[in-house]
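Engineer: File query.cif follows (mmCIF, C-alpha atoms):
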```
data_data
#
loop_
_atom_site.label_atom_id
_atom_site.label_comp_id
_atom_site.auth_asym_id
_atom_site.auth_seq_id
_atom_site.Cartn_x
_atom_site.Cartn_y
_atom_site.Cartn_z
CA MET Z 1 109.28 -89.93 -16.98
CA THR Z 2 106.29 -88.87 -15.35
CA THR Z 3 103.15 -90.70 -15.85
CA THR Z 4 99.99 -88.89 -15.25
CA THR Z 5 96.68 -90.42 -15.03
CA LYS Z 6 93.82 -88.32 -16.12
CA THR Z 7 90.38 -89.33 -15.55
CA GLU Z 8 87.89 -87.48 -17.61
CA ARG Z 9 84.33 -87.34 -16.95
CA PRO Z 10 82.29 -88.42 -19.85
CA ARG Z 11 81.01 -85.30 -21.41
CA PRO Z 12 77.35 -85.25 -21.73
CA SER Z 13 76.22 -85.75 -25.13
CA ALA Z 14 74.38 -83.08 -26.88
CA THR Z 15 71.35 -85.31 -26.93
CA GLY Z 16 71.52 -85.96 -23.18
CA GLY Z 17 71.65 -82.20 -22.36
CA ALA Z 18 68.63 -81.56 -24.42
CA GLY Z 19 66.77 -84.31 -22.53
CA ALA Z 20 67.38 -82.65 -19.18
CA THR Z 21 66.18 -79.35 -20.42
CA THR Z 22 63.11 -80.94 -21.83
CA LEU Z 23 62.51 -82.70 -18.54
CA ARG Z 24 62.65 -79.39 -16.72
CA LEU Z 25 60.22 -77.92 -19.15
CA TYR Z 26 57.85 -80.83 -18.63
CA LEU Z 27 58.15 -80.36 -14.90
CA VAL Z 28 57.37 -76.66 -15.13
CA ALA Z 29 54.48 -77.36 -17.45
CA PHE Z 30 53.15 -80.01 -15.10
CA LEU Z 31 53.35 -77.70 -12.10
CA ALA Z 32 51.70 -74.92 -14.05
CA ALA Z 33 48.94 -77.25 -15.12
CA ALA Z 34 48.52 -78.46 -11.57
CA TYR Z 35 48.31 -74.87 -10.38
CA VAL Z 36 45.73 -73.98 -13.01
CA PHE Z 37 43.74 -77.08 -12.19
CA ALA Z 38 43.91 -76.33 -8.51
CA TRP Z 39 42.84 -72.73 -9.10
CA TRP Z 40 39.98 -73.96 -11.22
CA LEU Z 41 39.06 -76.51 -8.64
CA PHE Z 42 39.28 -74.40 -5.47
CA GLY Z 43 39.22 -70.81 -6.70
CA ALA Z 44 36.84 -70.45 -9.57
CA ARG Z 45 34.26 -72.90 -8.21
CA ALA Z 46 34.57 -71.89 -4.58
CA PRO Z 47 31.50 -69.61 -4.33
CA ALA Z 48 29.14 -72.34 -5.35
CA ARG Z 49 30.63 -74.71 -2.90
CA ALA Z 50 30.64 -72.05 -0.18
CA ALA Z 51 26.94 -71.55 -0.67
CA ALA Z 52 26.40 -75.23 -0.37
CA ALA Z 53 28.50 -75.27 2.76
CA VAL Z 54 26.45 -72.49 4.30
CA ALA Z 55 23.31 -74.35 3.52
CA VAL Z 56 24.41 -77.44 5.37
CA ALA Z 57 26.28 -75.68 8.14
CA PRO Z 58 23.43 -75.38 10.62
CA ALA Z 59 22.63 -79.01 10.31
CA LEU Z 60 26.23 -79.95 10.81
CA GLU Z 61 26.62 -77.61 13.73
CA THR Z 62 23.52 -79.05 15.32
CA LEU Z 63 24.96 -82.48 14.97
CA ARG Z 64 28.35 -81.47 16.28
CA GLU Z 65 27.13 -79.12 19.05
CA PRO Z 66 28.22 -80.39 22.41
CA ARG Z 67 25.29 -81.18 24.70
CA LEU Z 68 24.82 -78.56 27.35
CA ALA Z 69 23.82 -81.11 29.93
CA THR Z 70 23.66 -84.82 30.41
CA TRP Z 71 20.85 -85.73 32.74
CA PHE Z 72 21.70 -88.11 35.47
CA HIS Z 73 19.05 -90.56 34.43
CA ASP Z 74 20.21 -90.49 30.80
CA LEU Z 75 23.22 -92.46 31.95
CA ALA Z 76 23.21 -96.17 32.48
CA PRO Z 77 23.15 -97.01 36.18
CA THR Z 78 26.71 -98.30 36.01
CA GLU Z 79 27.91 -95.06 34.42
CA ARG Z 80 26.32 -92.70 36.91
CA PRO Z 81 28.88 -90.81 38.98
CA HIS Z 82 28.62 -90.43 42.69
CA VAL Z 83 27.00 -87.03 43.24
CA ALA Z 84 27.06 -85.40 46.65
CA VAL Z 85 24.01 -83.17 47.00
CA PRO Z 86 23.38 -80.78 49.91
CA ALA Z 87 21.62 -82.06 52.97
CA GLY Z 88 17.89 -82.18 52.42
CA TRP Z 89 18.19 -82.58 48.64
CA HIS Z 90 18.08 -85.66 46.53
CA ILE Z 91 18.33 -86.56 42.88
CA ALA Z 92 14.80 -87.09 41.68
CA ASP Z 93 13.99 -89.91 39.31
CA THR Z 94 12.12 -87.88 36.75
CA THR Z 95 12.38 -87.07 33.08
CA ALA Z 96 11.64 -83.43 33.72
CA PRO Z 97 14.53 -81.01 33.16
CA ALA Z 98 14.58 -80.02 36.79
CA SER Z 99 15.85 -83.35 37.95
CA VAL Z 100 17.01 -82.17 41.36
CA THR Z 101 14.18 -81.48 43.78
CA ARG Z 102 13.87 -81.09 47.50
CA ARG Z 103 13.29 -84.08 49.62
CA ASN Z 104 11.24 -82.10 52.11
CA THR Z 105 8.57 -81.02 49.65
CA PRO Z 106 5.37 -82.58 50.97
CA VAL Z 107 3.14 -84.52 48.62
CA PRO Z 108 -0.49 -83.35 48.73
CA VAL Z 109 -3.12 -86.05 49.16
CA ARG Z 110 -6.66 -85.76 47.90
CA VAL Z 111 -9.30 -85.90 50.61
CA SER Z 112 -13.00 -85.27 50.69
CA PRO Z 113 -13.81 -82.15 52.67
CA ALA Z 114 -16.10 -82.83 55.57
CA ARG Z 115 -17.99 -79.61 54.92
CA PRO Z 116 -17.24 -78.04 51.52
CA GLY Z 117 -16.88 -74.29 51.56
CA ARG Z 118 -16.07 -74.19 55.27
CA ILE Z 119 -12.78 -73.57 57.03
CA ARG Z 120 -12.04 -74.08 60.68
CA THR Z 121 -9.71 -71.58 62.31
CA ARG Z 122 -7.88 -72.30 65.51
CA SER Z 123 -4.52 -71.83 67.07
CA SER Z 124 -1.99 -74.16 65.50
CA MET W 1 -9.44 -80.73 48.42
CA PHE W 2 -5.81 -81.69 48.93
CA THR W 3 -3.91 -81.77 52.20
CA PHE W 4 -0.30 -82.06 53.22
CA ARG W 5 1.78 -81.54 56.30
CA ALA W 6 4.10 -78.54 56.59
CA MET W 7 5.27 -76.16 59.29
CA ASN W 8 4.14 -78.69 61.86
CA THR W 9 0.52 -78.30 60.85
CA ASP W 10 -1.98 -79.65 58.33
CA VAL W 11 -2.40 -77.54 55.22
CA ALA W 12 -5.57 -77.85 53.13
CA VAL W 13 -5.87 -76.55 49.58
CA THR W 14 -9.16 -76.09 47.78
CA ALA W 15 -9.16 -74.88 44.19
CA VAL W 16 -11.75 -74.83 41.45
CA ASN W 17 -9.62 -75.85 38.48
CA ASP W 18 -6.49 -77.95 38.26
CA GLU W 19 -6.59 -78.56 41.98
CA GLU W 20 -3.84 -81.18 42.12
CA ALA W 21 -1.33 -79.03 40.25
CA ILE W 22 -2.17 -76.02 42.40
CA ALA W 23 -1.80 -78.09 45.56
CA GLY W 24 1.64 -79.17 44.35
CA ARG W 25 2.71 -75.59 43.83
CA VAL W 26 1.36 -74.62 47.24
CA ALA W 27 3.29 -77.50 48.84
CA GLN W 28 6.46 -76.30 47.12
CA THR W 29 5.85 -72.78 48.40
CA PHE W 30 5.61 -74.12 51.94
CA ALA W 31 8.74 -76.23 51.52
CA ASP W 32 10.65 -73.21 50.23
CA ALA W 33 9.43 -71.07 53.12
CA GLU W 34 10.43 -73.66 55.71
CA GLN W 35 13.84 -73.89 54.14
CA ARG W 36 14.23 -70.15 54.48
CA PHE W 37 12.37 -69.11 57.62
CA SER W 38 12.37 -72.04 60.05
CA ARG W 39 14.35 -71.58 63.25
CA PHE W 40 14.17 -75.35 63.84
CA ARG W 41 16.10 -76.30 60.72
CA GLU W 42 19.84 -75.99 61.02
CA ASP W 43 20.16 -75.48 57.27
CA SER W 44 17.59 -72.68 56.99
CA GLU W 45 18.61 -69.16 56.11
CA LEU W 46 17.15 -67.89 59.36
CA SER W 47 19.31 -70.32 61.35
CA ALA W 48 22.32 -69.08 59.42
CA LEU W 49 21.39 -65.54 60.39
CA ASN W 50 20.96 -66.59 64.01
CA ARG W 51 24.48 -68.06 63.94
CA ALA W 52 26.11 -65.25 61.98
CA GLU W 53 28.77 -63.09 63.53
CA GLY W 54 28.99 -59.71 61.90
CA PRO W 55 26.88 -58.39 59.02
CA PHE W 56 24.76 -61.02 57.26
CA VAL W 57 23.58 -60.37 53.72
CA ALA W 58 20.07 -61.77 53.59
CA SER W 59 18.09 -62.97 50.61
CA PRO W 60 15.48 -60.51 49.34
CA GLU W 61 12.73 -62.71 50.83
CA LEU W 62 14.25 -62.82 54.31
CA PHE W 63 15.23 -59.19 54.29
CA ASP W 64 11.74 -58.12 53.18
CA MET W 65 10.27 -60.20 55.96
CA LEU W 66 12.50 -58.54 58.55
CA TRP W 67 11.75 -55.14 57.08
CA ARG W 68 8.00 -55.72 57.34
CA ALA W 69 8.50 -57.10 60.84
CA SER W 70 10.07 -53.80 61.84
CA HIS W 71 6.85 -52.04 60.79
CA TYR W 72 4.74 -54.47 62.81
CA VAL W 73 6.98 -53.90 65.82
CA GLU W 74 6.28 -50.20 65.49
CA LEU W 75 2.57 -50.71 64.89
CA THR W 76 2.21 -52.83 68.02
CA ASP W 77 4.51 -50.76 70.25
CA GLY W 78 6.85 -53.72 70.48
CA LEU W 79 4.29 -56.31 71.55
CA PHE W 80 4.95 -58.14 68.34
CA ASP W 81 8.66 -58.86 68.49
CA PRO W 82 10.39 -61.63 66.53
CA THR W 83 13.40 -61.51 68.85
CA VAL W 84 11.61 -63.54 71.49
CA GLY W 85 13.26 -66.59 69.89
CA GLY W 86 15.89 -66.75 72.61
CA LEU W 87 13.27 -66.62 75.34
CA LEU W 88 11.23 -69.36 73.67
CA SER W 89 14.29 -71.58 73.52
CA ALA W 90 15.10 -70.87 77.14
CA LEU W 91 11.55 -71.82 78.09
CA GLY W 92 11.99 -75.09 76.28
CA TYR W 93 10.49 -74.40 72.87
CA ASP W 94 13.76 -75.24 71.14
CA ARG W 95 12.48 -77.77 68.63
CA SER W 96 9.41 -78.35 66.54
CA PHE W 97 6.45 -78.75 68.85
CA ALA W 98 5.04 -82.15 69.77
CA PRO W 99 2.75 -82.79 72.73
CA GLY W 100 4.82 -83.63 75.80
CA ALA W 101 8.13 -83.38 73.97
CA LEU W 102 9.09 -80.02 75.47
CA ASN W 103 8.33 -80.80 79.11
CA ARG W 104 11.24 -80.15 81.47
CA SER W 105 11.89 -79.72 85.15
CA GLN W 106 13.05 -76.13 84.86
CA ALA W 107 13.66 -73.43 82.32
CA SER W 108 17.13 -72.65 81.09
CA ARG W 109 18.71 -69.40 82.13
CA PRO W 110 16.96 -66.70 80.09
CA PRO W 111 19.17 -64.82 77.65
CA ARG W 112 19.89 -61.12 77.85
CA ALA W 113 16.88 -58.99 77.06
CA ALA W 114 16.63 -58.55 73.31
CA ARG W 115 14.49 -56.28 71.23
CA PHE W 116 13.89 -56.19 67.53
CA VAL W 117 15.17 -52.62 67.38
CA ASP W 118 18.58 -54.00 68.37
CA LEU W 119 18.86 -55.34 64.84
CA VAL W 120 20.43 -53.08 62.24
CA LEU W 121 18.80 -53.49 58.82
CA ASP W 122 20.37 -51.90 55.77
CA PRO W 123 18.01 -52.00 52.78
CA GLU W 124 20.74 -50.80 50.43
CA THR W 125 22.88 -53.88 50.93
CA ARG W 126 20.22 -56.16 52.50
CA SER W 127 22.62 -56.69 55.35
CA VAL W 128 21.48 -57.54 58.85
CA LEU W 129 23.65 -56.84 61.84
CA ARG W 130 22.50 -58.98 64.74
CA PRO W 131 23.86 -58.53 68.24
CA GLN W 132 24.97 -61.92 69.56
CA HIS W 133 22.29 -62.10 72.25
CA VAL W 134 19.44 -61.62 69.75
CA ARG W 135 17.70 -64.70 68.31
CA ILE W 136 15.02 -64.24 65.69
CA ASP W 137 11.84 -66.32 65.47
CA LEU W 138 9.53 -65.39 62.61
CA GLY W 139 7.02 -68.08 63.65
CA GLY W 140 3.45 -67.21 62.86
CA MET W 141 4.35 -64.23 60.72
CA ALA W 142 6.29 -66.52 58.39
CA LYS W 143 3.39 -68.92 58.24
CA GLY W 144 0.97 -66.12 57.43
CA HIS W 145 3.33 -64.81 54.77
CA THR W 146 3.61 -68.29 53.28
CA VAL W 147 -0.17 -68.66 53.14
CA ASP W 148 -0.37 -65.31 51.33
CA ARG W 149 2.27 -66.33 48.82
CA ALA W 150 0.66 -69.71 48.29
CA ALA W 151 -2.71 -68.04 47.72
CA ALA W 152 -1.26 -66.46 44.58
CA HIS W 153 -1.48 -69.93 43.02
CA LEU W 154 -5.21 -70.17 43.61
CA GLY W 155 -6.36 -67.93 40.82
CA GLU W 156 -9.74 -66.33 41.32
CA SER W 157 -11.29 -68.89 43.58
CA GLY W 158 -10.14 -71.25 46.29
CA ALA W 159 -8.81 -71.45 49.81
CA ILE W 160 -5.68 -72.36 51.72
CA ASP W 161 -5.99 -73.28 55.35
CA ALA W 162 -2.78 -73.82 57.30
CA GLY W 163 -4.11 -74.87 60.67
CA GLY W 164 -5.79 -71.63 61.55
CA ASP W 165 -4.07 -69.23 59.17
CA ALA W 166 -6.25 -69.18 56.07
CA VAL W 167 -6.89 -67.21 52.91
CA VAL W 168 -10.08 -67.45 50.84
CA ARG W 169 -10.54 -66.18 47.30
CA GLY W 170 -13.74 -65.76 45.29
CA PRO W 171 -16.78 -67.89 45.99
CA ALA W 172 -16.72 -71.27 47.69
CA PRO W 173 -17.19 -74.39 45.52
CA ASP W 174 -20.94 -74.18 46.08
CA GLY W 175 -20.96 -70.63 44.70
CA ARG W 176 -21.68 -69.03 48.07
CA GLU W 177 -19.41 -67.26 50.56
CA TRP W 178 -16.72 -69.10 52.43
CA LEU W 179 -17.72 -69.84 55.99
CA VAL W 180 -15.10 -69.80 58.73
CA ASP W 181 -15.81 -71.70 61.92
CA ILE W 182 -13.91 -70.42 64.95
CA GLU W 183 -12.96 -73.26 67.24
CA ASP W 184 -13.86 -73.09 70.92
CA PRO W 185 -10.46 -72.87 72.72
CA GLU W 186 -11.84 -74.83 75.64
CA ASP W 187 -13.49 -77.58 73.63
CA ALA W 188 -12.04 -78.27 70.21
CA SER W 189 -15.14 -80.18 69.17
CA ARG W 190 -17.27 -77.05 69.45
CA THR W 191 -17.54 -73.95 67.29
CA ILE W 192 -17.75 -70.63 69.03
CA ALA W 193 -18.82 -68.55 66.02
CA THR W 194 -19.16 -68.81 62.27
CA LEU W 195 -18.19 -65.96 59.95
CA ALA W 196 -18.86 -65.41 56.25
CA VAL W 197 -15.61 -64.22 54.69
CA ALA W 198 -14.87 -63.03 51.16
CA ASN W 199 -11.42 -62.39 49.65
CA ALA W 200 -9.72 -62.08 53.00
CA ALA W 201 -7.51 -63.88 55.44
CA VAL W 202 -8.08 -65.15 58.93
CA ALA W 203 -5.72 -66.12 61.73
CA THR W 204 -6.16 -67.30 65.28
CA SER W 205 -3.82 -67.10 68.26
CA ALA W 206 -4.27 -69.11 71.43
CA PRO W 207 -1.97 -70.99 73.78
CA ASN W 208 -4.13 -74.08 74.06
CA ARG W 209 -2.34 -76.21 71.47
CA ARG W 210 1.27 -75.33 72.20
CA ARG W 211 1.70 -75.72 75.92
CA TRP W 212 4.35 -77.62 77.80
CA ARG W 213 5.31 -78.10 81.39
CA VAL W 214 8.25 -76.29 82.95
CA GLY W 215 8.49 -77.64 86.47
CA PRO W 216 5.15 -77.10 88.20
CA GLU W 217 3.93 -74.52 85.71
CA PHE W 218 2.80 -74.47 82.13
CA ALA W 219 4.53 -72.42 79.48
CA HIS W 220 3.21 -71.59 76.03
CA HIS W 221 4.55 -70.02 72.87
CA LEU W 222 2.88 -66.60 73.16
CA ILE W 223 5.61 -64.64 74.91
CA ASP W 224 4.84 -61.20 76.30
CA PRO W 225 7.94 -59.05 75.65
CA ARG W 226 6.96 -56.83 78.61
CA THR W 227 7.31 -59.66 81.12
CA ARG W 228 9.54 -61.96 79.03
CA ARG W 229 7.34 -64.87 80.05
CA SER W 230 4.46 -66.78 78.55
CA SER W 231 1.54 -64.37 78.50
CA SER W 232 -1.03 -64.49 81.27
CA SER W 233 -3.59 -62.72 79.12
CA ASP W 234 -7.24 -62.77 80.12
CA VAL W 235 -8.03 -63.75 76.54
CA LEU W 236 -8.24 -67.42 75.70
CA GLN W 237 -8.17 -66.92 71.98
CA ALA W 238 -7.97 -64.10 69.43
CA THR W 239 -9.17 -64.42 65.84
CA VAL W 240 -8.56 -61.67 63.28
CA VAL W 241 -9.91 -61.20 59.75
CA ALA W 242 -7.64 -59.00 57.64
CA PRO W 243 -6.60 -58.43 54.04
CA SER W 244 -3.61 -60.77 54.42
CA ALA W 245 -2.78 -63.77 56.57
CA GLU W 246 0.50 -62.19 57.64
CA VAL W 247 -1.27 -59.13 59.01
CA ALA W 248 -4.02 -61.27 60.54
CA ASP W 249 -1.46 -63.39 62.36
CA VAL W 250 0.47 -60.42 63.74
CA LEU W 251 -2.69 -58.62 64.86
CA ALA W 252 -4.20 -61.74 66.44
CA LYS W 253 -1.07 -62.31 68.49
CA THR W 254 -0.98 -58.67 69.54
CA ALA W 255 -4.66 -58.63 70.51
CA PHE W 256 -4.13 -61.76 72.56
CA LEU W 257 -1.20 -60.22 74.45
CA LEU W 258 -3.11 -56.98 75.06
CA GLY W 259 -5.97 -58.82 76.73
CA ALA W 260 -9.69 -58.37 76.22
CA ARG W 261 -10.06 -54.63 76.65
CA GLY W 262 -6.74 -53.57 75.18
CA GLY W 263 -7.05 -56.03 72.34
CA GLN W 264 -10.51 -54.77 71.46
CA ARG W 265 -9.34 -51.16 71.36
CA PHE W 266 -6.29 -52.10 69.32
CA LEU W 267 -8.26 -54.01 66.71
CA GLU W 268 -10.86 -51.23 66.44
CA ARG W 269 -8.09 -48.84 65.37
CA GLN W 270 -6.91 -51.06 62.50
CA PRO W 271 -8.39 -50.40 59.05
CA ARG W 272 -10.22 -53.20 57.22
CA VAL W 273 -9.82 -55.55 60.16
CA GLY W 274 -12.32 -57.48 62.25
CA GLY W 275 -11.84 -59.80 65.16
CA VAL W 276 -13.34 -62.17 67.66
CA LEU W 277 -11.82 -62.29 71.12
CA VAL W 278 -12.74 -65.06 73.50
CA PRO W 279 -12.18 -63.82 77.07
CA ALA W 280 -11.60 -66.18 79.94
CA ASN W 281 -14.81 -64.89 81.45
CA GLY W 282 -17.73 -63.64 79.47
CA ALA W 283 -19.12 -63.85 75.97
CA PRO W 284 -17.00 -63.56 72.81
CA LEU W 285 -16.26 -59.99 71.72
CA ILE W 286 -17.08 -59.28 68.08
CA ILE W 287 -14.96 -56.39 66.76
CA GLY W 288 -15.30 -54.55 63.45
CA HIS W 289 -17.63 -55.23 60.57
CA LEU W 290 -17.78 -58.98 60.48
CA ASP W 291 -20.49 -61.00 58.81
CA VAL W 292 -21.30 -63.24 61.75
CA ARG W 293 -23.61 -66.10 60.77
CA GLU W 294 -23.77 -68.07 63.98
CA VAL W 295 -22.66 -67.61 67.55
CA ALA W 296 -22.66 -70.50 69.95
CA HIS W 297 -24.34 -69.96 73.27
CA ALA W 298 -23.13 -71.67 76.36
#
```
The structure given in the file should be rewritten as structure tokens.

Structural biologist:
Amino acid sequence: MTTTTKTERPRPSATGGAGATTLRLYLVAFLAAAYVFAWWLFGARAPARAAAAVAVAPALETLREPRLATWFHDLAPTERPHVAVPAGWHIADTTAPASVTRRNTPVPVRVSPARPGRIRTRSS
Amino acid sequence: MFTFRAMNTDVAVTAVNDEEAIAGRVAQTFADAEQRFSRFREDSELSALNRAEGPFVASPELFDMLWRASHYVELTDGLFDPTVGGLLSALGYDRSFAPGALNRSQASRPPRAARFVDLVLDPETRSVLRPQHVRIDLGGMAKGHTVDRAAAHLGESGAIDAGGDAVVRGPAPDGREWLVDIEDPEDASRTIATLAVANAAVATSAPNRRRWRVGPEFAHHLIDPRTRRSSSSDVLQATVVAPSAEVADVLAKTAFLLGARGGQRFLERQPRVGGVLVPANGAPLIIGHLDVREVAHA
């Protein structure tokens, strides 16, 4: 006598199969709704937002634009790098943009002319 | 009036408006010129040219200066020659002048004879080909050129006086002409003549302030290319009034080297130029149409 053991999977009930189908339909409907909402959100209203973005872009770019130069004296003394300048040059302590000037530039001094309107020529 | 020290001399700037700012720009012009044209500064462009082996591409400023120098060499039949730099160094003038600092027991061995025409100038590429024995000294010409460039800052009225090389523009501060006193080469406290000068330049050449001892003799910076020695001219001092300080300086030096008679004839041939030559013997020679206001009498 042969004994066989048969294990049967429980057949899904008719009600359970309908639930899965319904679930799929809900999922599709949800995705469709999400798509429509996203289209409405980013597609249909995009021009208005783009205009607004253009309007603020320059200001943002100005804020984000990297500085073309950092002047030596803008840095705190402890942050200043060692800069090797050519012989005869030095880093001037000035707020003017041209912050590197020549050391050998003489500084004129005001004097009172002994005889205004007269020049003395001689060999020098 | 503002003064500063540059090119081993005192520079005075007189301007009508904004004098301090103008003086600053003039000082910068002199500093730039020294950086480019000085033969005493190792880091100058001229020193780089004097060290260069092979073609040297010069800046437009230096090349233009050499190009103009070539015309002056031609004009003066070679009496003006910036290649006397080697001779000056051999005689001891190898650093910026200071009284007594150049004295020495004997001169160094003079270099091979050099002439400006030995240089090859190519205006297309601004290249300068310098034979190794040629040393260039732009000296007074560079100073005159610098005074001319600095005078562009003056506007319509003012003066720049760089120890003898001067430019005047417009009326003097008192509304009258500028007066130029010519120093007596034998007594610096005296004036030998006074000229009224308008919109012109003046320069003076004399050996009295740049002399040094080489053994038993004196040398000075006015080298005669014909003899390759300090000039033994019979002129003590030559003053020239010309449209530009550069031209005035070149012509004054040439007139000095030519001596009293030759210098007089040379200056008489130059257009829009006047001069005062002080011979070793005799009264000053007034050349050209100068407005002479006073002449000192011995």

Engineer: Sorted by chain and rising residue number, list the residues of chain Z at most 7 Å from chain W (counting all atoms listed in the file), each with its closest atom pair and distance in Å to one decimal, as CSV.

Structural biologist:
```
residue,atom,partner,partner_atom,distance
Z:Asn104,CA,W:Ala31,CA,6.4
Z:Thr105,CA,W:Ala31,CA,5.1
Z:Pro106,CA,W:Ala27,CA,5.9
Z:Val107,CA,W:Phe4,CA,6.2
Z:Pro108,CA,W:Phe4,CA,4.7
Z:Val109,CA,W:Phe2,CA,5.1
Z:Arg110,CA,W:Phe2,CA,4.3
Z:Val111,CA,W:Met1,CA,5.6
Z:Ser112,CA,W:Met1,CA,6.2
Z:Pro113,CA,W:Met1,CA,6.3
Z:Gly117,CA,W:Ala172,CA,4.9
Z:Arg118,CA,W:Leu179,CA,4.7
Z:Ile119,CA,W:Val180,CA,4.7
Z:Arg120,CA,W:Asp181,CA,4.6
Z:Thr121,CA,W:Gly164,CA,4.0
Z:Arg122,CA,W:Gly164,CA,4.5
Z:Ser123,CA,W:Ser205,CA,4.9
Z:Ser124,CA,W:Gly163,CA,5.3
```

Engineer: Using all atoms listed in the file, which protein or nucleic acid residues come within 8 Å of stretch 281-289 of chain W? Drop anything in the same chain fewer than 2 positions from it, and give the result as number ranges by chain.

Structural biologist: W: 234, 264, 267-268, 273-279, 291

Engineer: Would you export the selected residues with C-alpha atoms as a PDB file, in the frame of the given file, please?

Structural biologist:
```pdb
ATOM      1  CA  ASP W 234      -7.240 -62.770  80.120  1.00  0.00           C
ATOM      2  CA  GLN W 264     -10.510 -54.770  71.460  1.00  0.00           C
ATOM      3  CA  LEU W 267      -8.260 -54.010  66.710  1.00  0.00           C
ATOM      4  CA  GLU W 268     -10.860 -51.230  66.440  1.00  0.00           C
ATOM      5  CA  VAL W 273      -9.820 -55.550  60.160  1.00  0.00           C
ATOM      6  CA  GLY W 274     -12.320 -57.480  62.250  1.00  0.00           C
ATOM      7  CA  GLY W 275     -11.840 -59.800  65.160  1.00  0.00           C
ATOM      8  CA  VAL W 276     -13.340 -62.170  67.660  1.00  0.00           C
ATOM      9  CA  LEU W 277     -11.820 -62.290  71.120  1.00  0.00           C
ATOM     10  CA  VAL W 278     -12.740 -65.060  73.500  1.00  0.00           C
ATOM     11  CA  PRO W 279     -12.180 -63.820  77.070  1.00  0.00           C
ATOM     12  CA  ASP W 291     -20.490 -61.000  58.810  1.00  0.00           C
TER      13      ASP W 291
END
```

Engineer: Go ahead and compute the interatomic distance for atom CA of W:Phe116 and atom CA of W:Ser232, in Å to one decimal.

Structural biologist: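 Interatomic distance here is 21.9 Å.
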
Engineer: Could you tell me how far atom CA of W:Phe63 lies from atom CA of W:Arg126, in Å and to one decimal?

Structural biologist: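 Computing the Euclidean distance for atom CA of W:Phe63 and atom CA of W:Arg126 yields 6.1 Å.
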
Engineer: What would the list of residues within 6 Å of (2.3, -59.9, 68.0) (file frame) look like as a list in words, if only C-alpha atoms are what count?

Structural biologist: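 Using only C-alpha atoms, the matching residues come out as Leu79, Phe80, Val250, Lys253 and Thr254 of chain W.
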
Engineer: With C-alpha atoms retained, write the just-selected residues as an mmCIF file, in the coordinates of the input.

Structural biologist:
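File produced: out32.cif:
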```
data_model
loop_
_atom_site.group_PDB
_atom_site.id
_atom_site.type_symbol
_atom_site.label_atom_id
_atom_site.label_comp_id
_atom_site.auth_asym_id
_atom_site.auth_seq_id
_atom_site.Cartn_x
_atom_site.Cartn_y
_atom_site.Cartn_z
ATOM 1 C CA LEU W 79 4.290 -56.310 71.550
ATOM 2 C CA PHE W 80 4.950 -58.140 68.340
ATOM 3 C CA VAL W 250 0.470 -60.420 63.740
ATOM 4 C CA LYS W 253 -1.070 -62.310 68.490
ATOM 5 C CA THR W 254 -0.980 -58.670 69.540
#
```

Engineer: For W:Thr146, which residue out of W:Glu61, W:Leu251, W:Leu119, W:Glu294 is the nearest one, using only C-alpha atoms?

Structural biologist: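 Once distances to W:Thr146 are computed over only C-alpha atoms, the minimum belongs to W:Glu61.
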
Engineer: Expand the PyMOL selection byres ((chain W and resi 257) around 7) into the individual residues it matches in the shown file, reporting them as a VMD selection string.

Structural biologist: chain W and resid 224 231 233 253 to 256 258 to 259

Engineer: In Å to one decimal, how far is atom CA of W:Ala48 from atom CA of W:Pro131?

Structural biologist: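 Distance reported for this atom pair: 13.8 Å.
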
Engineer: Give, as JSON, the centre coordinates and the x, y and z edge lengths in Å to one decimal for an axis-aligned box around all listed atoms of stretch 112-119 of chain Z, padded by 4 Å on each side.

Structural biologist:
```
{"center_x": -15.4, "center_y": -79.4, "center_z": 53.9, "size_x": 13.2, "size_y": 19.7, "size_z": 14.3}
```

Engineer: Give me the residues near W:Arg36 as a PDB file with C-alpha atoms, in the coordinates of the input, where near means some atom within 6 Å (using only C-alpha atoms) and where sequence neighbours in that chain fewer than 3 positions away do not count.

Structural biologist:
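What ended up in out_15.pdb:
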```pdb
ATOM      1  CA  ALA W  33       9.430 -71.070  53.120  1.00  0.00           C
ATOM      2  CA  SER W  44      17.590 -72.680  56.990  1.00  0.00           C
ATOM      3  CA  GLU W  45      18.610 -69.160  56.110  1.00  0.00           C
TER       4      GLU W  45
END
```

Engineer: From the list W:Ala52, W:Leu236, W:Leu87, W:Val117, which residue is nearest W:Glu74 when using all atoms listed in the file?

Structural biologist: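 Smallest separation from W:Glu74 among the options: W:Val117.
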
Engineer: Skipping near chain neighbours, those fewer than 5 positions away, what residues fall within 10 Å of W:Arg135 using only C-alpha atoms, listed as a list of chain:residue names?

Structural biologist: W:Arg39, W:Leu46, W:Ser47, W:Leu49, W:Asn50, W:Arg51, W:Pro82, W:Thr83, W:Val84, W:Gly85, W:Gly86, W:Leu87, W:Leu88, W:Ser89, W:Pro111, W:Ala114, W:Arg115, W:Phe116, W:Arg130
